[in-house]
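J.: I am sharing start-v9.cif, which consists of mmCIF, C-alpha atoms:
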data_final
loop_
_atom_site.label_atom_id
_atom_site.label_comp_id
_atom_site.auth_asym_id
_atom_site.auth_seq_id
_atom_site.Cartn_x
_atom_site.Cartn_y
_atom_site.Cartn_z
CA MET A 1 42.12 91.55 155.02
CA SER A 2 45.64 90.25 155.64
CA GLU A 3 47.90 91.62 158.34
CA ALA A 4 50.23 93.17 155.78
CA GLN A 5 47.35 95.02 154.14
CA SER A 6 46.04 96.41 157.40
CA LYS A 7 49.51 97.64 158.27
CA VAL A 8 49.65 99.62 155.06
CA ARG A 9 46.21 101.00 155.68
CA ASP A 10 47.16 102.15 159.15
CA LYS A 11 49.72 104.44 157.60
CA ALA A 12 47.16 106.04 155.29
CA PRO A 13 45.16 109.01 156.53
CA ASP A 14 41.50 108.77 157.41
CA PRO A 15 39.75 108.22 154.04
CA GLY A 16 36.85 110.44 155.05
CA ALA A 17 39.15 113.39 155.66
CA TRP A 18 40.94 112.66 152.42
CA VAL A 19 37.72 112.76 150.45
CA ASP A 20 36.75 116.04 152.09
CA GLU A 21 40.09 117.61 151.34
CA HIS A 22 40.79 116.42 147.79
CA GLY A 23 37.65 114.66 146.57
CA ASP A 24 35.99 117.65 144.99
CA TYR A 25 39.10 118.84 143.21
CA LEU A 26 39.87 115.40 141.80
CA TYR A 27 36.27 114.94 140.73
CA LYS A 28 36.20 118.26 138.90
CA TYR A 29 39.48 117.44 137.20
CA ALA A 30 38.16 114.05 136.08
CA LEU A 31 34.89 115.56 134.90
CA PHE A 32 36.76 118.19 132.96
CA ARG A 33 38.70 115.51 131.08
CA MET A 34 35.97 112.87 130.75
CA ARG A 35 32.74 114.86 130.56
CA ASP A 36 30.89 111.99 132.20
CA ALA A 37 29.81 112.17 135.82
CA SER A 38 29.73 108.47 136.59
CA ALA A 39 33.05 107.78 134.83
CA ALA A 40 34.57 110.69 136.77
CA GLU A 41 33.26 109.28 140.05
CA ASP A 42 34.76 105.87 139.24
CA ALA A 43 38.11 107.38 138.32
CA VAL A 44 38.26 109.32 141.60
CA GLN A 45 37.35 106.22 143.56
CA GLU A 46 40.04 104.17 141.82
CA THR A 47 42.52 106.95 142.44
CA PHE A 48 41.86 106.96 146.18
CA LEU A 49 41.96 103.16 146.37
CA ALA A 50 45.28 103.09 144.51
CA ALA A 51 46.58 105.93 146.68
CA MET A 52 45.65 104.11 149.89
CA LYS A 53 47.54 101.04 148.76
CA ALA A 54 50.56 103.02 147.67
CA TYR A 55 50.61 105.54 150.49
CA ALA A 56 53.76 104.03 152.00
CA LYS A 57 55.60 104.83 148.76
CA PHE A 58 54.47 108.45 148.77
CA GLU A 59 56.20 109.23 152.08
CA GLY A 60 55.17 112.82 152.01
CA ARG A 61 57.40 113.76 149.06
CA GLY A 62 55.89 116.84 147.46
CA SER A 63 52.26 117.81 147.81
CA GLU A 64 49.65 115.17 148.44
CA ARG A 65 47.32 116.73 145.88
CA THR A 66 49.91 116.71 143.08
CA TRP A 67 50.57 113.08 143.84
CA LEU A 68 46.86 112.25 143.73
CA VAL A 69 46.35 114.16 140.46
CA GLY A 70 49.25 112.16 139.00
CA ILE A 71 47.46 108.92 139.83
CA LEU A 72 44.17 110.30 138.54
CA LYS A 73 45.74 111.18 135.16
CA HIS A 74 46.68 107.52 134.73
CA LYS A 75 43.17 106.43 135.69
CA VAL A 76 41.66 108.80 133.13
CA MET A 77 43.91 107.39 130.38
CA ASP A 78 43.01 103.85 131.48
CA HIS A 79 39.36 104.77 131.13
CA PHE A 80 39.86 106.03 127.57
CA ARG A 81 41.77 102.89 126.62
CA LYS A 82 39.11 100.69 128.12
CA SER A 83 36.22 102.50 126.47
CA ILE A 84 37.98 102.17 123.11
CA ARG A 85 38.51 98.43 123.63
CA GLU A 86 34.95 97.89 124.75
CA ALA A 87 33.19 99.90 122.08
CA PRO A 88 30.87 97.75 119.96
CA ILE A 89 32.69 96.11 117.04
CA GLY A 90 30.39 97.63 114.43
CA GLU A 91 31.08 101.10 115.68
CA MET A 92 34.81 100.52 115.83
CA ALA A 93 35.56 98.51 112.74
CA ASP A 94 34.52 100.41 109.67
CA ASP A 95 32.99 103.69 110.64
CA ASP A 96 35.63 106.37 110.31
CA GLY A 97 33.13 109.19 110.45
CA PRO A 98 31.33 111.07 107.69
CA GLU A 99 33.20 111.45 104.41
CA HIS A 100 31.50 114.74 103.56
CA ALA A 101 31.78 114.23 99.81
CA GLU A 102 29.18 117.00 99.43
CA PHE A 103 31.80 119.55 100.52
CA PHE A 104 33.54 119.07 97.16
CA ALA A 105 30.62 118.21 94.92
CA ARG A 106 30.08 120.70 92.10
CA THR A 107 28.02 120.72 88.98
CA ASP A 108 30.37 122.95 86.98
CA SER A 109 33.78 122.02 85.60
CA TRP A 110 35.43 122.58 89.01
CA GLU A 111 34.61 119.16 90.44
CA ASN A 112 36.63 118.38 93.62
CA HIS A 113 37.07 122.03 94.46
CA TRP A 114 35.09 123.55 97.35
CA ASN A 115 31.34 123.67 96.94
CA LYS A 116 30.52 127.29 97.83
CA ASN A 117 27.91 126.23 100.39
CA TYR A 118 30.58 124.49 102.45
CA ALA A 119 33.69 126.51 101.63
CA PRO A 120 35.56 127.96 104.63
CA THR A 121 35.11 131.62 105.47
CA GLU A 122 37.30 133.86 107.53
CA TRP A 123 37.17 133.37 111.32
CA HIS A 124 37.66 136.39 113.49
CA SER A 125 38.63 134.82 116.80
CA THR A 126 41.99 133.93 118.25
CA PRO A 127 42.58 130.79 120.34
CA GLU A 128 43.05 133.04 123.38
CA GLU A 129 39.58 134.52 122.90
CA LEU A 130 37.97 131.17 122.19
CA VAL A 131 39.20 129.42 125.34
CA GLN A 132 37.52 132.11 127.43
CA GLN A 133 34.07 131.53 125.97
CA SER A 134 32.17 128.78 127.71
CA ASP A 135 29.50 128.69 124.95
CA PHE A 136 32.25 127.74 122.52
CA TRP A 137 32.98 124.59 124.53
CA LYS A 138 29.37 123.61 124.46
CA VAL A 139 29.31 123.93 120.67
CA PHE A 140 32.62 122.10 120.43
CA ASN A 141 31.36 119.15 122.48
CA ASP A 142 28.14 119.03 120.47
CA CYS A 143 30.24 118.88 117.29
CA LEU A 144 32.55 116.17 118.62
CA SER A 145 29.92 113.88 120.10
CA PRO A 146 28.23 112.64 116.86
CA LEU A 147 31.58 111.25 115.62
CA PRO A 148 32.21 107.50 116.02
CA ALA A 149 33.99 106.70 119.32
CA ARG A 150 37.29 105.76 117.70
CA THR A 151 37.35 108.87 115.52
CA ALA A 152 36.59 111.16 118.45
CA SER A 153 39.27 109.44 120.57
CA ALA A 154 41.90 109.70 117.83
CA PHE A 155 41.09 113.38 117.38
CA THR A 156 41.26 114.10 121.11
CA PHE A 157 44.51 112.18 121.58
CA ARG A 158 46.10 114.10 118.72
CA GLU A 159 44.73 117.62 119.09
CA VAL A 160 44.12 117.87 122.83
CA ASP A 161 46.70 115.55 124.38
CA GLY A 162 49.28 116.06 121.62
CA LEU A 163 50.16 112.36 121.38
CA SER A 164 52.24 111.34 118.35
CA SER A 165 50.75 109.36 115.46
CA GLU A 166 52.72 106.29 116.59
CA GLU A 167 51.35 106.48 120.14
CA ILE A 168 47.77 106.80 118.92
CA CYS A 169 48.15 103.91 116.47
CA GLU A 170 49.31 101.75 119.33
CA LEU A 171 46.48 102.83 121.62
CA LEU A 172 43.82 102.22 118.97
CA SER A 173 45.56 99.27 117.23
CA ILE A 174 45.24 100.84 113.76
CA SER A 175 47.67 101.53 110.92
CA VAL A 176 49.09 104.99 110.43
CA ASN A 177 47.31 105.37 107.08
CA ASN A 178 44.04 104.53 108.75
CA LEU A 179 44.79 107.11 111.44
CA TRP A 180 45.33 109.84 108.83
CA VAL A 181 42.01 109.03 107.19
CA ILE A 182 40.27 109.15 110.54
CA LEU A 183 41.89 112.42 111.59
CA HIS A 184 41.15 114.02 108.24
CA ARG A 185 37.46 113.13 108.47
CA ALA A 186 37.28 114.36 112.05
CA ARG A 187 38.85 117.68 111.05
CA LEU A 188 36.61 118.14 108.00
CA HIS A 189 33.55 117.51 110.13
CA LEU A 190 34.58 119.58 113.14
CA ARG A 191 35.80 122.59 111.21
CA ASN A 192 32.57 122.74 109.28
CA CYS A 193 30.42 122.14 112.36
CA LEU A 194 32.21 124.89 114.30
CA GLU A 195 31.91 127.29 111.41
CA VAL A 196 28.19 126.69 111.00
CA ASN A 197 27.32 126.67 114.69
CA TRP A 198 29.75 129.21 116.04
CA PHE A 199 31.75 131.36 113.66
CA THR A 200 29.05 132.40 111.24
CA LEU A 201 26.66 133.44 113.99
CA ASP A 202 26.61 137.21 114.31
CA LYS A 203 26.95 137.34 118.08
CA HIS A 204 30.58 136.26 117.86
CA MET B 1 42.91 147.89 86.71
CA PHE B 2 40.58 145.71 84.75
CA SER B 3 43.27 143.98 82.81
CA TYR B 4 45.36 143.41 85.93
CA ASP B 5 42.49 141.73 87.78
CA ASN B 6 41.63 139.81 84.68
CA THR B 7 45.18 138.52 84.29
CA LYS B 8 45.24 137.52 87.93
CA LEU B 9 42.07 135.54 87.52
CA VAL B 10 43.33 133.77 84.43
CA VAL B 11 46.61 132.85 86.12
CA ARG B 12 44.74 131.69 89.18
CA ARG B 13 42.47 129.43 87.16
CA TRP B 14 45.31 128.14 85.06
CA LEU B 15 47.23 127.16 88.22
CA LEU B 16 44.24 125.60 89.96
CA ARG B 17 43.57 123.42 86.92
CA ARG B 18 47.09 122.05 87.05
CA LEU B 19 47.42 121.50 90.81
CA PRO B 20 45.72 118.85 92.94
CA ALA B 21 42.15 120.04 93.57
CA CYS B 22 40.88 121.40 96.91
CA LYS B 23 39.62 117.97 97.99
CA GLU B 24 43.09 116.47 97.77
CA THR B 25 44.75 119.62 99.10
CA VAL B 26 42.77 119.59 102.35
CA GLU B 27 43.82 115.94 102.80
CA THR B 28 47.44 117.00 102.47
CA ILE B 29 46.84 119.93 104.84
CA SER B 30 45.49 117.46 107.38
CA LYS B 31 48.64 115.30 106.99
CA LEU B 32 50.72 118.41 107.53
CA MET B 33 49.25 118.56 111.03
CA ASP B 34 50.63 115.07 111.78
CA ARG B 35 53.82 114.53 109.79
CA PRO B 36 56.37 116.42 107.66
CA LEU B 37 55.26 116.67 104.03
CA THR B 38 57.31 115.40 101.11
CA VAL B 39 58.97 118.05 98.95
CA ARG B 40 56.36 117.56 96.26
CA GLU B 41 53.41 117.78 98.67
CA LYS B 42 54.88 120.88 100.25
CA ALA B 43 55.31 122.61 96.90
CA GLU B 44 51.81 121.69 95.70
CA VAL B 45 50.16 122.91 98.88
CA LYS B 46 52.18 126.11 98.90
CA VAL B 47 51.23 127.08 95.36
CA HIS B 48 47.62 126.01 95.85
CA LEU B 49 47.34 128.22 98.94
CA LEU B 50 48.72 131.18 96.98
CA VAL B 51 45.69 131.10 94.72
CA CYS B 52 42.97 129.62 96.94
CA SER B 53 41.81 131.50 100.02
CA TRP B 54 39.32 128.76 100.91
CA CYS B 55 42.09 126.23 101.49
CA GLN B 56 44.19 128.93 103.13
CA TRP B 57 41.41 129.50 105.63
CA TYR B 58 40.98 125.76 106.01
CA MET B 59 44.60 125.44 107.14
CA GLU B 60 44.33 128.43 109.45
CA HIS B 61 41.21 126.95 111.01
CA LEU B 62 42.88 123.61 111.72
CA GLN B 63 45.68 125.53 113.41
CA THR B 64 43.22 127.67 115.37
CA ILE B 65 41.34 124.58 116.55
CA ARG B 66 44.57 122.88 117.67
CA ALA B 67 45.90 125.99 119.41
CA THR B 68 42.56 126.48 121.18
CA LEU B 69 42.36 122.88 122.38
CA ARG B 70 45.96 122.82 123.55
CA THR B 71 45.69 126.18 125.30
CA GLN B 72 42.61 124.93 127.02
CA GLN B 73 44.43 121.76 127.97
CA THR B 74 47.34 123.61 129.58
CA GLU B 75 44.84 125.94 131.21
CA ALA B 76 43.11 122.85 132.52
CA SER B 77 44.54 124.63 135.42
CA ASP B 78 42.56 125.35 138.49
CA GLU B 79 40.55 128.14 136.96
CA LYS B 80 38.94 125.97 134.28
CA ILE B 81 38.55 122.96 136.53
CA ALA B 82 36.82 125.12 139.11
CA THR B 83 33.98 125.80 136.66
CA MET B 84 33.04 122.10 136.70
CA PRO B 85 30.22 121.07 139.02
CA GLY B 86 31.47 119.44 142.23
CA MET B 87 30.71 115.99 143.56
CA SER B 88 27.17 115.47 144.80
CA VAL B 89 26.58 114.72 148.48
CA GLU B 90 25.49 111.20 147.53
CA ALA B 91 28.59 110.60 145.46
CA ARG B 92 30.76 111.81 148.33
CA GLU B 93 29.04 109.43 150.74
CA ARG B 94 29.37 106.52 148.31
CA LEU B 95 33.05 107.28 147.96
CA LYS B 96 33.67 107.50 151.71
CA GLN B 97 31.86 104.28 152.28
CA LYS B 98 33.78 102.49 149.58
CA LEU B 99 37.11 103.75 150.90
CA SER B 100 36.45 102.79 154.51
CA ASN B 101 35.49 99.34 153.33
CA PRO B 102 37.51 98.72 150.16
CA ASN B 103 36.73 95.03 149.83
#
Can I see the file as structure tokens?

T.:
Amino acid sequence: MSEAQSKVRDKAPDPGAWVDEHGDYLYKYALFRMRDASAAEDAVQETFLAAMKAYAKFEGRGSERTWLVGILKHKVMDHFRKSIREAPIGEMADDDGPEHAEFFARTDSWENHWNKNYAPTEWHSTPEELVQQSDFWKVFNDCLSPLPARTASAFTFREVDGLSSEEICELLSISVNNLWVILHRARLHLRNCLEVNWFTLDKH
Amino acid sequence: MFSYDNTKLVVRRWLLRRLPACKETVETISKLMDRPLTVREKAEVKVHLLVCSWCQWYMEHLQTIRATLRTQQTEASDEKIATMPGMSVEARERLKQKLSNPN
């Protein structure tokens, strides 16, 4: 380690104490976003390493935790970008998710209208009620996970993070028309999956 | 009563035959979530929704899903995060070790 580096480190607090104070919170935050324990652990580690290097710049402005969470948010986005780049070519290139042609397949003269077996029904829950129900999130994750990586990422960037179409196209290096196809398939699949596994069950 | 319902049904069918079908309409509804529609698209969806409760529900559901995910995201506040399992003792030790010896 160079002299300059050790000087910077001397200004940083004891890493052990830092981990005890903020480690758990950062880890839970990362896990909440990434749903993957080892990825969350890596992101927290990278956050602390980056924070130790940059501690001189922080200079105690604002709360330490807010500053750390800010760094962590960047690390989480980096992780998503990286996992998109590194996904196997086959999975990334052509597979935009299921087309679900059966949703609109009919044997009568109303071809391309809803097949009754898949047609939407009324839902009786508001977003406020849904966010409270932890079972709902389990069903939601089970519905999202079978989608191809790129499709699931595009959907999450759009619906959860609220990124614009342009931003997502840049992140995923795809055309905007391709993005609309991907998002449409993700929505068709998810809406149906949620309806079947959540909304039509009597207990809700 | 009978003739009123009957007329409604006939009008409904007549309209649905002339508008883009449900398959195309849900594609347009999906686009509506990401960009402003053209005047034509807007008009076609609007009339289709007047006579098709399936597609009406479809649009409501997309909006419910988005609102739920975004509410959850803003409530990614302490309460929700707190429900996540914490770091294991081993993970904590690994982290401390790595930080005290970064290279």

J.: Between atom CA of Ser30 of chain B and atom CA of Arg13 of chain B, what is the distance, to one decimal in Å?

T.: 23.7 Å

J.: Could you tell me which residues the PyMOL selection byres ((chain B) within 7 of (chain A)) returns for this structure, as a list of chain:residue names?

T.: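 So the PyMOL selection byres ((chain B) within 7 of (chain A)) ends up selecting B:Ala21, B:Cys22, B:Lys23, B:Glu27, B:Ser30, B:Lys31, B:Asp34, B:Trp54, B:Trp57, B:Tyr58, B:His61, B:Thr64, B:Arg66, B:Ala67, B:Thr68, B:Leu69, B:Arg70, B:Gln72, B:Gln73, B:Ile81, B:Ala82, B:Met84, B:Pro85, B:Gly86, B:Met87, B:Leu95, B:Lys96, B:Leu99, B:Ser100.
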
J.: List the residues selected by the PyMOL selection byres ((chain A and resi 75) around 10) in the file shown, writing them as a PyMOL selection string.

T.: chain A and resi 30+40+42-47+50+69-74+76-81

J.: What's the separation between atom CA of Leu16 of chain B and atom CA of His48 of chain B, in Å to one decimal place?

T.: 6.8 Å

J.: Do you have the atom CA of Leu171 of chain A-atom CA of Met34 of chain A distance handy?

T.: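 Separation of atom CA of Leu171 of chain A and atom CA of Met34 of chain A: 17.2 Å.
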
J.: Once the PyMOL selection byres ((chain B and resi 15) around 12) is applied to the coordinates I shared, what remains selected? I want it as a PyMOL selection string.

T.: chain B and resi 8-14+16-21+44-52

J.: Since we have the selection now, will you write its residues out, keeping C-alpha atoms, as an mmCIF file, in the coordinates of the input?

T.:
data_model
loop_
_atom_site.group_PDB
_atom_site.id
_atom_site.type_symbol
_atom_site.label_atom_id
_atom_site.label_comp_id
_atom_site.auth_asym_id
_atom_site.auth_seq_id
_atom_site.Cartn_x
_atom_site.Cartn_y
_atom_site.Cartn_z
ATOM 1 C CA LYS B 8 45.240 137.520 87.930
ATOM 2 C CA LEU B 9 42.070 135.540 87.520
ATOM 3 C CA VAL B 10 43.330 133.770 84.430
ATOM 4 C CA VAL B 11 46.610 132.850 86.120
ATOM 5 C CA ARG B 12 44.740 131.690 89.180
ATOM 6 C CA ARG B 13 42.470 129.430 87.160
ATOM 7 C CA TRP B 14 45.310 128.140 85.060
ATOM 8 C CA LEU B 16 44.240 125.600 89.960
ATOM 9 C CA ARG B 17 43.570 123.420 86.920
ATOM 10 C CA ARG B 18 47.090 122.050 87.050
ATOM 11 C CA LEU B 19 47.420 121.500 90.810
ATOM 12 C CA PRO B 20 45.720 118.850 92.940
ATOM 13 C CA ALA B 21 42.150 120.040 93.570
ATOM 14 C CA GLU B 44 51.810 121.690 95.700
ATOM 15 C CA VAL B 45 50.160 122.910 98.880
ATOM 16 C CA LYS B 46 52.180 126.110 98.900
ATOM 17 C CA VAL B 47 51.230 127.080 95.360
ATOM 18 C CA HIS B 48 47.620 126.010 95.850
ATOM 19 C CA LEU B 49 47.340 128.220 98.940
ATOM 20 C CA LEU B 50 48.720 131.180 96.980
ATOM 21 C CA VAL B 51 45.690 131.100 94.720
ATOM 22 C CA CYS B 52 42.970 129.620 96.940
#

J.: Please write out, as JSON, where the centre of an axis-aligned box around all listed atoms of segment 113-128 of chain A lies and how long its edges are, in Å to one decimal, after adding 3 Å on each side.

T.:
{"center_x": 35.5, "center_y": 129.2, "center_z": 108.9, "size_x": 21.1, "size_y": 20.4, "size_z": 34.9}

J.: Between A:Asn197, A:Thr107, A:Thr151, A:Asn178, single out the one closest to Lys138 of chain A, counting all atoms listed in the file.

T.: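 Of A:Asn197, A:Thr107, A:Thr151, A:Asn178, the one nearest Lys138 of chain A, counting all atoms listed in the file, is A:Asn197.
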
J.: So which one's closest to Cys143 of chain A, A:Lys53, A:His189, A:His124, A:His100? Using only C-alpha atoms, please.

T.: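 Checking each of A:Lys53, A:His189, A:His124, A:His100 against Cys143 of chain A, counting only C-alpha atoms, the winner is A:His189.
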
J.: Please determine, counting only C-alpha atoms, which residue among B:Arg94, B:Asn6, B:Met33, B:Val26 has the shortest atom-to-atom distance to Gln63 of chain B.

T.: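 With only C-alpha atoms as the atom set, the closest residue is B:Met33.
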